[in-house]
file data.txt (compact mmCIF, N, CA and C atoms)
# COMPACT_ATOMS: atom_id res chain seq x y z
N MET A 172 -10.16 7.71 15.74
CA MET A 172 -9.68 9.05 16.01
C MET A 172 -9.90 9.88 14.75
N ALA A 173 -10.67 10.91 14.85
CA ALA A 173 -11.01 11.74 13.69
C ALA A 173 -10.05 12.92 13.59
N VAL A 174 -9.94 13.43 12.36
CA VAL A 174 -9.11 14.60 12.14
C VAL A 174 -9.78 15.81 12.78
N GLN A 175 -9.00 16.58 13.53
CA GLN A 175 -9.53 17.78 14.16
C GLN A 175 -9.52 18.90 13.12
N GLY A 176 -10.56 19.66 13.08
CA GLY A 176 -10.62 20.75 12.13
C GLY A 176 -12.04 20.99 11.68
N PRO A 177 -12.18 21.78 10.65
CA PRO A 177 -13.52 22.07 10.15
C PRO A 177 -14.24 20.80 9.73
N ALA A 178 -15.53 20.76 10.01
CA ALA A 178 -16.33 19.58 9.70
C ALA A 178 -16.32 19.23 8.21
N PRO A 179 -16.42 20.19 7.29
CA PRO A 179 -16.39 19.81 5.88
C PRO A 179 -15.08 19.15 5.46
N VAL A 180 -13.97 19.63 6.00
CA VAL A 180 -12.68 19.04 5.67
C VAL A 180 -12.60 17.62 6.22
N ALA A 181 -13.04 17.42 7.44
CA ALA A 181 -13.01 16.09 8.05
C ALA A 181 -13.91 15.14 7.28
N ARG A 182 -15.08 15.60 6.84
CA ARG A 182 -15.98 14.75 6.06
C ARG A 182 -15.35 14.39 4.71
N CYS A 183 -14.67 15.34 4.10
CA CYS A 183 -14.00 15.09 2.82
C CYS A 183 -12.90 14.05 3.00
N VAL A 184 -12.10 14.19 4.05
CA VAL A 184 -11.03 13.23 4.32
C VAL A 184 -11.61 11.85 4.62
N ASP A 185 -12.69 11.81 5.40
CA ASP A 185 -13.34 10.53 5.69
C ASP A 185 -13.87 9.88 4.42
N GLY A 186 -14.43 10.68 3.53
CA GLY A 186 -14.93 10.15 2.26
C GLY A 186 -13.81 9.61 1.40
N MET A 187 -12.69 10.34 1.35
CA MET A 187 -11.55 9.85 0.58
C MET A 187 -11.00 8.56 1.18
N ASN A 188 -10.92 8.49 2.51
CA ASN A 188 -10.42 7.28 3.15
C ASN A 188 -11.35 6.10 2.91
N PHE A 189 -12.66 6.34 2.92
CA PHE A 189 -13.61 5.27 2.62
C PHE A 189 -13.41 4.76 1.19
N ALA A 190 -13.23 5.70 0.25
CA ALA A 190 -13.00 5.30 -1.14
C ALA A 190 -11.68 4.52 -1.27
N LEU A 191 -10.64 4.97 -0.57
CA LEU A 191 -9.36 4.26 -0.62
C LEU A 191 -9.46 2.86 -0.04
N ARG A 192 -10.23 2.72 1.06
CA ARG A 192 -10.42 1.38 1.64
C ARG A 192 -11.16 0.47 0.67
N CYS A 193 -12.15 1.02 -0.02
CA CYS A 193 -12.89 0.22 -1.01
C CYS A 193 -11.98 -0.19 -2.16
N ILE A 194 -11.18 0.75 -2.64
CA ILE A 194 -10.25 0.44 -3.74
C ILE A 194 -9.24 -0.62 -3.29
N ALA A 195 -8.70 -0.47 -2.09
CA ALA A 195 -7.74 -1.46 -1.58
C ALA A 195 -8.40 -2.83 -1.46
N GLY A 196 -9.65 -2.87 -1.03
CA GLY A 196 -10.37 -4.15 -0.93
C GLY A 196 -10.58 -4.79 -2.29
N VAL A 197 -10.96 -3.99 -3.28
CA VAL A 197 -11.13 -4.51 -4.64
C VAL A 197 -9.81 -5.02 -5.19
N LEU A 198 -8.73 -4.29 -4.94
CA LEU A 198 -7.41 -4.74 -5.40
C LEU A 198 -7.02 -6.07 -4.77
N MET A 199 -7.33 -6.26 -3.49
CA MET A 199 -7.04 -7.55 -2.84
C MET A 199 -7.87 -8.68 -3.45
N ILE A 200 -9.12 -8.38 -3.79
CA ILE A 200 -9.97 -9.39 -4.44
C ILE A 200 -9.41 -9.76 -5.80
N VAL A 201 -8.98 -8.76 -6.57
CA VAL A 201 -8.40 -9.01 -7.90
C VAL A 201 -7.12 -9.83 -7.77
N ALA A 202 -6.27 -9.49 -6.79
CA ALA A 202 -5.03 -10.24 -6.59
C ALA A 202 -5.33 -11.69 -6.21
N THR A 203 -6.29 -11.89 -5.34
CA THR A 203 -6.67 -13.24 -4.93
C THR A 203 -7.22 -14.04 -6.10
N ALA A 204 -8.03 -13.39 -6.93
CA ALA A 204 -8.59 -14.07 -8.11
C ALA A 204 -7.48 -14.44 -9.09
N ALA A 205 -6.52 -13.54 -9.31
CA ALA A 205 -5.43 -13.83 -10.24
C ALA A 205 -4.57 -14.99 -9.73
N ILE A 206 -4.29 -14.99 -8.44
CA ILE A 206 -3.48 -16.08 -7.87
C ILE A 206 -4.24 -17.40 -7.93
N SER A 207 -5.53 -17.37 -7.63
CA SER A 207 -6.35 -18.59 -7.71
C SER A 207 -6.40 -19.12 -9.14
N TYR A 208 -6.52 -18.23 -10.10
CA TYR A 208 -6.52 -18.63 -11.51
C TYR A 208 -5.20 -19.30 -11.88
N GLN A 209 -4.10 -18.73 -11.42
CA GLN A 209 -2.79 -19.31 -11.71
C GLN A 209 -2.64 -20.68 -11.07
N ILE A 210 -3.16 -20.85 -9.85
CA ILE A 210 -3.10 -22.16 -9.18
C ILE A 210 -3.88 -23.20 -9.97
N VAL A 211 -5.07 -22.81 -10.43
CA VAL A 211 -5.89 -23.75 -11.21
C VAL A 211 -5.16 -24.13 -12.50
N ILE A 212 -4.60 -23.14 -13.18
CA ILE A 212 -3.90 -23.42 -14.43
C ILE A 212 -2.67 -24.29 -14.19
N ARG A 213 -1.90 -23.96 -13.19
CA ARG A 213 -0.62 -24.64 -12.98
C ARG A 213 -0.77 -26.04 -12.40
N PHE A 214 -1.70 -26.23 -11.48
CA PHE A 214 -1.76 -27.51 -10.78
C PHE A 214 -2.96 -28.38 -11.15
N VAL A 215 -4.09 -27.78 -11.42
CA VAL A 215 -5.29 -28.58 -11.71
C VAL A 215 -5.30 -28.99 -13.18
N LEU A 216 -5.12 -28.01 -14.07
CA LEU A 216 -5.22 -28.34 -15.50
C LEU A 216 -4.07 -29.21 -15.98
N THR A 217 -2.90 -29.06 -15.37
CA THR A 217 -1.77 -29.90 -15.81
C THR A 217 -1.97 -31.37 -15.43
N THR A 218 -2.77 -31.66 -14.42
CA THR A 218 -3.05 -33.06 -14.10
C THR A 218 -3.89 -33.71 -15.19
N PHE A 219 -4.62 -32.90 -15.95
CA PHE A 219 -5.41 -33.40 -17.08
C PHE A 219 -4.69 -33.21 -18.41
N GLU A 220 -3.37 -32.95 -18.33
CA GLU A 220 -2.53 -32.75 -19.51
C GLU A 220 -2.98 -31.56 -20.36
N ILE A 221 -3.57 -30.57 -19.72
CA ILE A 221 -3.94 -29.33 -20.41
C ILE A 221 -2.88 -28.30 -20.06
N ARG A 222 -2.16 -27.84 -21.05
CA ARG A 222 -1.07 -26.88 -20.84
C ARG A 222 -1.52 -25.50 -21.27
N VAL A 223 -1.71 -24.62 -20.30
CA VAL A 223 -2.11 -23.23 -20.57
C VAL A 223 -1.15 -22.32 -19.82
N SER A 224 -0.82 -21.20 -20.44
CA SER A 224 0.08 -20.25 -19.80
C SER A 224 -0.66 -18.96 -19.50
N ALA A 225 -0.44 -18.42 -18.32
CA ALA A 225 -1.04 -17.13 -17.94
C ALA A 225 0.00 -16.31 -17.18
N PRO A 226 1.02 -15.79 -17.88
CA PRO A 226 2.07 -15.06 -17.17
C PRO A 226 1.61 -13.72 -16.61
N TRP A 227 0.48 -13.21 -17.07
CA TRP A 227 -0.02 -11.92 -16.61
C TRP A 227 -0.50 -11.97 -15.17
N THR A 228 -0.84 -13.15 -14.67
CA THR A 228 -1.41 -13.23 -13.31
C THR A 228 -0.41 -12.81 -12.24
N GLU A 229 0.87 -13.12 -12.46
CA GLU A 229 1.89 -12.75 -11.47
C GLU A 229 2.04 -11.24 -11.39
N GLU A 230 2.05 -10.57 -12.53
CA GLU A 230 2.18 -9.11 -12.53
C GLU A 230 0.95 -8.44 -11.94
N ILE A 231 -0.21 -8.91 -12.31
CA ILE A 231 -1.45 -8.34 -11.77
C ILE A 231 -1.46 -8.48 -10.25
N ALA A 232 -1.13 -9.66 -9.75
CA ALA A 232 -1.13 -9.88 -8.30
C ALA A 232 -0.12 -8.98 -7.61
N ARG A 233 1.08 -8.86 -8.19
CA ARG A 233 2.11 -8.02 -7.57
C ARG A 233 1.66 -6.56 -7.50
N TYR A 234 1.17 -6.03 -8.61
CA TYR A 234 0.74 -4.63 -8.61
C TYR A 234 -0.43 -4.39 -7.66
N CYS A 235 -1.37 -5.33 -7.65
CA CYS A 235 -2.52 -5.17 -6.74
C CYS A 235 -2.09 -5.21 -5.28
N PHE A 236 -1.18 -6.11 -4.93
CA PHE A 236 -0.71 -6.18 -3.55
C PHE A 236 0.04 -4.90 -3.15
N ILE A 237 0.88 -4.40 -4.04
CA ILE A 237 1.63 -3.18 -3.72
C ILE A 237 0.69 -2.01 -3.52
N TRP A 238 -0.23 -1.82 -4.45
CA TRP A 238 -1.15 -0.68 -4.33
C TRP A 238 -2.07 -0.81 -3.12
N SER A 239 -2.55 -2.02 -2.85
CA SER A 239 -3.44 -2.18 -1.70
C SER A 239 -2.69 -1.96 -0.39
N ALA A 240 -1.42 -2.34 -0.33
CA ALA A 240 -0.63 -2.10 0.88
C ALA A 240 -0.45 -0.61 1.13
N PHE A 241 -0.09 0.14 0.10
CA PHE A 241 0.13 1.57 0.29
C PHE A 241 -1.17 2.33 0.55
N LEU A 242 -2.24 1.98 -0.16
CA LEU A 242 -3.52 2.65 0.08
C LEU A 242 -4.06 2.29 1.46
N GLY A 243 -3.90 1.03 1.86
CA GLY A 243 -4.35 0.63 3.19
C GLY A 243 -3.55 1.31 4.29
N ALA A 244 -2.24 1.44 4.09
CA ALA A 244 -1.41 2.12 5.09
C ALA A 244 -1.81 3.59 5.21
N ALA A 245 -2.18 4.21 4.10
CA ALA A 245 -2.59 5.62 4.15
C ALA A 245 -3.87 5.78 4.97
N THR A 246 -4.82 4.88 4.79
CA THR A 246 -6.06 5.01 5.56
C THR A 246 -5.85 4.65 7.03
N LEU A 247 -4.97 3.68 7.31
CA LEU A 247 -4.69 3.33 8.70
C LEU A 247 -3.93 4.43 9.44
N CYS A 248 -3.14 5.17 8.71
CA CYS A 248 -2.37 6.26 9.32
C CYS A 248 -3.32 7.30 9.92
N ARG A 249 -4.44 7.52 9.28
CA ARG A 249 -5.42 8.51 9.75
C ARG A 249 -6.07 8.10 11.07
N THR A 250 -6.25 6.81 11.25
CA THR A 250 -6.95 6.33 12.46
C THR A 250 -6.00 5.76 13.50
N ASN A 251 -4.69 5.99 13.34
CA ASN A 251 -3.69 5.41 14.24
C ASN A 251 -3.80 3.90 14.30
N GLY A 252 -4.06 3.27 13.17
CA GLY A 252 -4.21 1.83 13.11
C GLY A 252 -2.93 1.10 12.77
N LEU A 253 -1.87 1.83 12.51
CA LEU A 253 -0.60 1.20 12.19
C LEU A 253 0.08 0.71 13.47
N ILE A 254 0.93 -0.26 13.33
CA ILE A 254 1.65 -0.80 14.48
C ILE A 254 2.59 0.27 15.02
N SER A 255 2.57 0.44 16.32
CA SER A 255 3.48 1.41 16.93
C SER A 255 3.90 0.91 18.32
N VAL A 256 5.02 1.39 18.75
CA VAL A 256 5.51 1.07 20.09
C VAL A 256 5.35 2.34 20.92
N ASP A 257 4.48 2.29 21.90
CA ASP A 257 4.20 3.49 22.69
C ASP A 257 4.67 3.36 24.13
N PHE A 258 5.66 2.53 24.35
CA PHE A 258 6.16 2.32 25.70
C PHE A 258 6.67 3.63 26.31
N LEU A 259 7.49 4.37 25.54
CA LEU A 259 8.07 5.60 26.08
C LEU A 259 7.01 6.66 26.37
N THR A 260 6.02 6.77 25.51
CA THR A 260 4.99 7.80 25.74
C THR A 260 4.14 7.49 26.97
N VAL A 261 4.06 6.24 27.35
CA VAL A 261 3.29 5.88 28.54
C VAL A 261 4.12 6.09 29.81
N VAL A 262 5.42 5.80 29.75
CA VAL A 262 6.28 5.86 30.92
C VAL A 262 6.72 7.29 31.25
N LEU A 263 6.98 8.09 30.23
CA LEU A 263 7.50 9.44 30.44
C LEU A 263 6.42 10.38 30.98
N PRO A 264 6.83 11.48 31.60
CA PRO A 264 5.86 12.47 32.06
C PRO A 264 5.10 13.06 30.85
N PRO A 265 3.90 13.58 31.08
CA PRO A 265 3.05 14.04 29.97
C PRO A 265 3.72 15.09 29.07
N LYS A 266 4.43 16.05 29.65
CA LYS A 266 5.06 17.09 28.82
C LYS A 266 6.15 16.50 27.93
N VAL A 267 6.97 15.64 28.50
CA VAL A 267 8.04 15.00 27.73
C VAL A 267 7.44 14.06 26.69
N SER A 268 6.37 13.38 27.07
CA SER A 268 5.70 12.47 26.15
C SER A 268 5.14 13.24 24.95
N ARG A 269 4.54 14.39 25.21
CA ARG A 269 3.99 15.22 24.11
C ARG A 269 5.11 15.72 23.20
N LEU A 270 6.22 16.13 23.79
CA LEU A 270 7.37 16.57 23.01
C LEU A 270 7.91 15.43 22.15
N LEU A 271 7.96 14.23 22.71
CA LEU A 271 8.40 13.06 21.96
C LEU A 271 7.46 12.76 20.80
N GLN A 272 6.16 12.89 21.02
CA GLN A 272 5.19 12.67 19.95
C GLN A 272 5.37 13.68 18.83
N ILE A 273 5.63 14.92 19.16
CA ILE A 273 5.87 15.94 18.14
C ILE A 273 7.13 15.62 17.36
N LEU A 274 8.17 15.21 18.07
CA LEU A 274 9.43 14.86 17.42
C LEU A 274 9.24 13.68 16.46
N VAL A 275 8.51 12.68 16.89
CA VAL A 275 8.24 11.51 16.05
C VAL A 275 7.43 11.92 14.82
N THR A 276 6.44 12.77 15.02
CA THR A 276 5.62 13.24 13.89
C THR A 276 6.47 14.00 12.88
N LEU A 277 7.33 14.90 13.37
CA LEU A 277 8.21 15.64 12.46
C LEU A 277 9.18 14.72 11.73
N THR A 278 9.69 13.72 12.43
CA THR A 278 10.58 12.74 11.80
C THR A 278 9.84 11.97 10.71
N CYS A 279 8.60 11.58 10.98
CA CYS A 279 7.81 10.88 9.97
C CYS A 279 7.55 11.76 8.76
N ILE A 280 7.22 13.03 8.98
CA ILE A 280 6.99 13.94 7.87
C ILE A 280 8.26 14.08 7.03
N GLY A 281 9.39 14.21 7.69
CA GLY A 281 10.66 14.28 6.96
C GLY A 281 10.92 13.03 6.15
N PHE A 282 10.66 11.88 6.75
CA PHE A 282 10.86 10.62 6.05
C PHE A 282 9.94 10.51 4.84
N PHE A 283 8.67 10.91 5.01
CA PHE A 283 7.73 10.84 3.89
C PHE A 283 8.12 11.78 2.77
N LEU A 284 8.62 12.96 3.11
CA LEU A 284 9.08 13.89 2.08
C LEU A 284 10.29 13.31 1.34
N LEU A 285 11.22 12.72 2.08
CA LEU A 285 12.37 12.07 1.45
C LEU A 285 11.92 10.92 0.55
N LEU A 286 10.98 10.13 1.03
CA LEU A 286 10.45 9.02 0.25
C LEU A 286 9.78 9.51 -1.03
N ALA A 287 9.02 10.59 -0.95
CA ALA A 287 8.38 11.16 -2.13
C ALA A 287 9.41 11.67 -3.12
N TRP A 288 10.45 12.33 -2.62
CA TRP A 288 11.48 12.88 -3.49
C TRP A 288 12.23 11.77 -4.22
N VAL A 289 12.66 10.76 -3.49
CA VAL A 289 13.37 9.63 -4.10
C VAL A 289 12.43 8.87 -5.04
N GLY A 290 11.18 8.71 -4.64
CA GLY A 290 10.22 8.02 -5.49
C GLY A 290 9.99 8.74 -6.81
N LEU A 291 9.92 10.07 -6.77
CA LEU A 291 9.76 10.83 -8.01
C LEU A 291 10.98 10.70 -8.91
N GLU A 292 12.17 10.68 -8.31
CA GLU A 292 13.38 10.48 -9.11
C GLU A 292 13.39 9.10 -9.77
N TRP A 293 13.03 8.08 -9.04
CA TRP A 293 12.99 6.73 -9.60
C TRP A 293 11.91 6.62 -10.67
N THR A 294 10.79 7.28 -10.44
CA THR A 294 9.72 7.26 -11.44
C THR A 294 10.19 7.94 -12.72
N ALA A 295 10.90 9.05 -12.60
CA ALA A 295 11.41 9.75 -13.78
C ALA A 295 12.44 8.88 -14.52
N MET A 296 13.26 8.14 -13.77
CA MET A 296 14.27 7.28 -14.40
C MET A 296 13.63 6.15 -15.21
N SER A 297 12.56 5.60 -14.68
CA SER A 297 11.96 4.43 -15.33
C SER A 297 10.64 4.76 -16.01
N PHE A 298 10.44 6.02 -16.37
CA PHE A 298 9.15 6.45 -16.92
C PHE A 298 8.81 5.75 -18.23
N PHE A 299 9.79 5.49 -19.06
CA PHE A 299 9.53 4.92 -20.37
C PHE A 299 9.69 3.41 -20.42
N GLU A 300 9.93 2.79 -19.28
CA GLU A 300 10.01 1.34 -19.22
C GLU A 300 8.63 0.76 -18.93
N GLY A 301 8.41 -0.45 -19.40
CA GLY A 301 7.14 -1.11 -19.13
C GLY A 301 7.36 -2.46 -18.47
N SER A 302 6.31 -2.98 -17.86
CA SER A 302 6.43 -4.30 -17.25
C SER A 302 6.57 -5.34 -18.35
N PRO A 303 7.21 -6.47 -18.06
CA PRO A 303 7.53 -7.45 -19.11
C PRO A 303 6.31 -8.01 -19.85
N VAL A 304 5.24 -8.31 -19.15
CA VAL A 304 4.12 -8.97 -19.78
C VAL A 304 3.00 -8.00 -20.14
N LEU A 305 2.57 -7.20 -19.19
CA LEU A 305 1.45 -6.29 -19.43
C LEU A 305 1.87 -4.98 -20.09
N LEU A 306 3.16 -4.69 -20.11
CA LEU A 306 3.71 -3.45 -20.68
C LEU A 306 3.15 -2.20 -20.00
N LEU A 307 2.83 -2.33 -18.72
CA LEU A 307 2.38 -1.17 -17.95
C LEU A 307 3.58 -0.32 -17.56
N PRO A 308 3.44 1.00 -17.60
CA PRO A 308 4.57 1.84 -17.21
C PRO A 308 4.86 1.76 -15.73

call {"tool": "encode", "arguments": {"input": "data.txt", "output": "structure tokens"}}
result
Amino acid sequence: MAVQGPAPVARCVDGMNFALRCIAGVLMIVATAAISYQIVIRFVLTTFEIRVSAPWTEEIARYCFIWSAFLGAATLCRTNGLISVDFLTVVLPPKVSRLLQILVTLTCIGFFLLLAWVGLEWTAMSFFEGSPVLLLP
């Protein structure tokens, strides 16, 4: 399902979504590599009495998973790829169903605005803190 509107705007949004999907894919690859590295260090090397520590892998994997989830959700939102329950929209008459869809959309916009507002407040609170190992803000 493509965005309705001027063709240049739709192409720009499609390009951004393609870039976000690529970034999310790379982040998943990085997270998988970090987890695999930790598995090798923790279970394979210790059987040979080689003791190596890599505490950064847990933080890298966590950040990559979080960012890939949010970027992936953003691109899926554009194509209606997110999980939804559409039982009521199918059962109700078309006019009521359309009104329900508008209400749900407005509720989602309100929720996203609230989420952005609270997120900015939390970001401001923890702006000068860093992660324990990588010291990322």

call {"tool": "residues_around", "arguments": {"input": "data.txt", "residues": "Thr203 (chain A)", "least_positions_apart": "4", "cutoff": "8 Å", "atoms": "only N, CA and C atoms", "output": "mmCIF file with N, CA and C atoms, keeping the file's coordinate frame"}}
result
data_model
loop_
_atom_site.group_PDB
_atom_site.id
_atom_site.type_symbol
_atom_site.label_atom_id
_atom_site.label_comp_id
_atom_site.auth_asym_id
_atom_site.auth_seq_id
_atom_site.Cartn_x
_atom_site.Cartn_y
_atom_site.Cartn_z
ATOM 1 N N VAL A 197 -10.960 -3.990 -3.280
ATOM 2 C CA VAL A 197 -11.130 -4.510 -4.640
ATOM 3 C C VAL A 197 -9.810 -5.020 -5.190
ATOM 4 N N LEU A 198 -8.730 -4.290 -4.940
ATOM 5 C CA LEU A 198 -7.410 -4.740 -5.400
ATOM 6 C C LEU A 198 -7.020 -6.070 -4.770
ATOM 7 N N MET A 199 -7.330 -6.260 -3.490
ATOM 8 C CA MET A 199 -7.040 -7.550 -2.840
ATOM 9 C C MET A 199 -7.870 -8.680 -3.450
ATOM 10 N N SER A 207 -5.530 -17.370 -7.630
ATOM 11 C CA SER A 207 -6.350 -18.590 -7.710
ATOM 12 C C SER A 207 -6.400 -19.120 -9.140
ATOM 13 N N TYR A 208 -6.520 -18.230 -10.100
ATOM 14 C CA TYR A 208 -6.520 -18.630 -11.510
ATOM 15 C C TYR A 208 -5.200 -19.300 -11.880
ATOM 16 N N GLN A 209 -4.100 -18.730 -11.420
ATOM 17 C CA GLN A 209 -2.790 -19.310 -11.710
ATOM 18 C C GLN A 209 -2.640 -20.680 -11.070
ATOM 19 N N ILE A 231 -0.210 -8.910 -12.310
ATOM 20 C CA ILE A 231 -1.450 -8.340 -11.770
ATOM 21 C C ILE A 231 -1.460 -8.480 -10.250
ATOM 22 N N ALA A 232 -1.130 -9.660 -9.750
ATOM 23 C CA ALA A 232 -1.130 -9.880 -8.300
ATOM 24 C C ALA A 232 -0.120 -8.980 -7.610
ATOM 25 N N CYS A 235 -1.370 -5.330 -7.650
ATOM 26 C CA CYS A 235 -2.520 -5.170 -6.740
ATOM 27 C C CYS A 235 -2.090 -5.210 -5.280
ATOM 28 N N PHE A 236 -1.180 -6.110 -4.930
ATOM 29 C CA PHE A 236 -0.710 -6.180 -3.550
ATOM 30 C C PHE A 236 0.040 -4.900 -3.150
#

call {"tool": "closest_residue", "arguments": {"input": "data.txt", "among": "A:Leu242, A:Ala287, A:Ala225, A:Val256", "to": "Ile212 (chain A)", "atoms": "only N, CA and C atoms"}}
result
A:Ala225

call {"tool": "select_by_dssp", "arguments": {"input": "data.txt", "residues": "region 175-307 of chain A", "states": "helix (DSSP H, G or I)", "output": "ChimeraX atom specification"}}
result
/A:178-219,227-249,258-262,265-296

call {"tool": "closest_residue", "arguments": {"input": "data.txt", "among": "A:Phe258, A:Ala245, A:Leu286, A:Leu271", "to": "Met187 (chain A)", "atoms": "only C-alpha atoms"}}
result
A:Ala245

call {"tool": "atom_distance", "arguments": {"input": "data.txt", "atom1": "CA of Leu247 (chain A)", "atom2": "CA of Arg192 (chain A)"}}
result
9.3 Å

call {"tool": "closest_residue", "arguments": {"input": "data.txt", "among": "A:Leu191, A:Pro303, A:Arg182, A:Glu229", "to": "Thr246 (chain A)", "atoms": "only N, CA and C atoms"}}
result
A:Leu191

call {"tool": "atom_distance", "arguments": {"input": "data.txt", "atom1": "CA of Ala204 (chain A)", "atom2": "CA of Thr228 (chain A)"}}
result
8.9 Å

call {"tool": "closest_residue", "arguments": {"input": "data.txt", "among": "A:Val275, A:Phe214, A:Ser239, A:Asn251", "to": "Ile194 (chain A)", "atoms": "all atoms listed in the file"}}
result
A:Ser239

call {"tool": "build_atoms", "arguments": {"input": "data.txt", "residues": "region 227-234 of chain A", "atoms": "all heavy atoms", "output": "PDB file, in the frame of the given file"}}
result
ATOM      1  N   TRP A 227       0.480 -13.210 -17.070  1.00  0.00           N
ATOM      2  CA  TRP A 227      -0.020 -11.920 -16.610  1.00  0.00           C
ATOM      3  C   TRP A 227      -0.500 -11.970 -15.170  1.00  0.00           C
ATOM      4  O   TRP A 227      -0.568 -10.935 -14.495  1.00  0.00           O
ATOM      5  CB  TRP A 227      -1.146 -11.438 -17.519  1.00  0.00           C
ATOM      6  CG  TRP A 227      -2.255 -12.432 -17.664  1.00  0.00           C
ATOM      7  CD1 TRP A 227      -2.361 -13.407 -18.614  1.00  0.00           C
ATOM      8  CD2 TRP A 227      -3.393 -12.566 -16.822  1.00  0.00           C
ATOM      9  NE1 TRP A 227      -3.489 -14.144 -18.414  1.00  0.00           N
ATOM     10  CE2 TRP A 227      -4.156 -13.648 -17.324  1.00  0.00           C
ATOM     11  CE3 TRP A 227      -3.859 -11.904 -15.707  1.00  0.00           C
ATOM     12  CZ2 TRP A 227      -5.345 -14.059 -16.744  1.00  0.00           C
ATOM     13  CZ3 TRP A 227      -5.046 -12.314 -15.130  1.00  0.00           C
ATOM     14  CH2 TRP A 227      -5.770 -13.374 -15.642  1.00  0.00           C
ATOM     15  N   THR A 228      -0.840 -13.150 -14.670  1.00  0.00           N
ATOM     16  CA  THR A 228      -1.410 -13.230 -13.310  1.00  0.00           C
ATOM     17  C   THR A 228      -0.410 -12.810 -12.240  1.00  0.00           C
ATOM     18  O   THR A 228      -0.785 -12.198 -11.248  1.00  0.00           O
ATOM     19  CB  THR A 228      -1.900 -14.651 -13.017  1.00  0.00           C
ATOM     20  OG1 THR A 228      -0.812 -15.566 -13.193  1.00  0.00           O
ATOM     21  CG2 THR A 228      -3.037 -15.043 -13.936  1.00  0.00           C
ATOM     22  N   GLU A 229       0.870 -13.120 -12.460  1.00  0.00           N
ATOM     23  CA  GLU A 229       1.890 -12.750 -11.470  1.00  0.00           C
ATOM     24  C   GLU A 229       2.040 -11.240 -11.390  1.00  0.00           C
ATOM     25  O   GLU A 229       2.129 -10.676 -10.294  1.00  0.00           O
ATOM     26  CB  GLU A 229       3.219 -13.422 -11.863  1.00  0.00           C
ATOM     27  CG  GLU A 229       4.300 -13.283 -10.812  1.00  0.00           C
ATOM     28  CD  GLU A 229       5.172 -12.055 -11.045  1.00  0.00           C
ATOM     29  OE1 GLU A 229       5.298 -11.609 -12.187  1.00  0.00           O
ATOM     30  OE2 GLU A 229       5.713 -11.542 -10.044  1.00  0.00           O
ATOM     31  N   GLU A 230       2.050 -10.570 -12.530  1.00  0.00           N
ATOM     32  CA  GLU A 230       2.180  -9.110 -12.530  1.00  0.00           C
ATOM     33  C   GLU A 230       0.950  -8.440 -11.940  1.00  0.00           C
ATOM     34  O   GLU A 230       1.073  -7.490 -11.163  1.00  0.00           O
ATOM     35  CB  GLU A 230       2.440  -8.591 -13.940  1.00  0.00           C
ATOM     36  CG  GLU A 230       3.859  -8.768 -14.380  1.00  0.00           C
ATOM     37  CD  GLU A 230       4.135  -8.097 -15.708  1.00  0.00           C
ATOM     38  OE1 GLU A 230       3.352  -7.232 -16.127  1.00  0.00           O
ATOM     39  OE2 GLU A 230       5.152  -8.449 -16.323  1.00  0.00           O
ATOM     40  N   ILE A 231      -0.210  -8.910 -12.310  1.00  0.00           N
ATOM     41  CA  ILE A 231      -1.450  -8.340 -11.770  1.00  0.00           C
ATOM     42  C   ILE A 231      -1.460  -8.480 -10.250  1.00  0.00           C
ATOM     43  O   ILE A 231      -1.769  -7.526  -9.532  1.00  0.00           O
ATOM     44  CB  ILE A 231      -2.690  -9.042 -12.378  1.00  0.00           C
ATOM     45  CG1 ILE A 231      -2.870  -8.658 -13.832  1.00  0.00           C
ATOM     46  CG2 ILE A 231      -3.945  -8.734 -11.585  1.00  0.00           C
ATOM     47  CD1 ILE A 231      -3.390  -7.267 -14.058  1.00  0.00           C
ATOM     48  N   ALA A 232      -1.130  -9.660  -9.750  1.00  0.00           N
ATOM     49  CA  ALA A 232      -1.130  -9.880  -8.300  1.00  0.00           C
ATOM     50  C   ALA A 232      -0.120  -8.980  -7.610  1.00  0.00           C
ATOM     51  O   ALA A 232      -0.416  -8.380  -6.563  1.00  0.00           O
ATOM     52  CB  ALA A 232      -0.844 -11.351  -7.990  1.00  0.00           C
ATOM     53  N   ARG A 233       1.080  -8.860  -8.190  1.00  0.00           N
ATOM     54  CA  ARG A 233       2.110  -8.020  -7.570  1.00  0.00           C
ATOM     55  C   ARG A 233       1.660  -6.560  -7.500  1.00  0.00           C
ATOM     56  O   ARG A 233       1.751  -5.919  -6.453  1.00  0.00           O
ATOM     57  CB  ARG A 233       3.410  -8.117  -8.361  1.00  0.00           C
ATOM     58  CG  ARG A 233       4.515  -7.293  -7.733  1.00  0.00           C
ATOM     59  CD  ARG A 233       5.832  -7.288  -8.493  1.00  0.00           C
ATOM     60  NE  ARG A 233       6.058  -8.429  -9.331  1.00  0.00           N
ATOM     61  CZ  ARG A 233       6.430  -8.336 -10.607  1.00  0.00           C
ATOM     62  NH1 ARG A 233       6.596  -7.175 -11.178  1.00  0.00           N
ATOM     63  NH2 ARG A 233       6.644  -9.417 -11.315  1.00  0.00           N
ATOM     64  N   TYR A 234       1.170  -6.030  -8.610  1.00  0.00           N
ATOM     65  CA  TYR A 234       0.740  -4.630  -8.610  1.00  0.00           C
ATOM     66  C   TYR A 234      -0.430  -4.390  -7.660  1.00  0.00           C
ATOM     67  O   TYR A 234      -0.492  -3.385  -6.968  1.00  0.00           O
ATOM     68  CB  TYR A 234       0.383  -4.178 -10.025  1.00  0.00           C
ATOM     69  CG  TYR A 234       1.575  -4.025 -10.930  1.00  0.00           C
ATOM     70  CD1 TYR A 234       1.528  -4.443 -12.252  1.00  0.00           C
ATOM     71  CD2 TYR A 234       2.766  -3.476 -10.476  1.00  0.00           C
ATOM     72  CE1 TYR A 234       2.624  -4.313 -13.089  1.00  0.00           C
ATOM     73  CE2 TYR A 234       3.862  -3.338 -11.302  1.00  0.00           C
ATOM     74  CZ  TYR A 234       3.785  -3.756 -12.607  1.00  0.00           C
ATOM     75  OH  TYR A 234       4.865  -3.618 -13.422  1.00  0.00           O
TER      76      TYR A 234
END
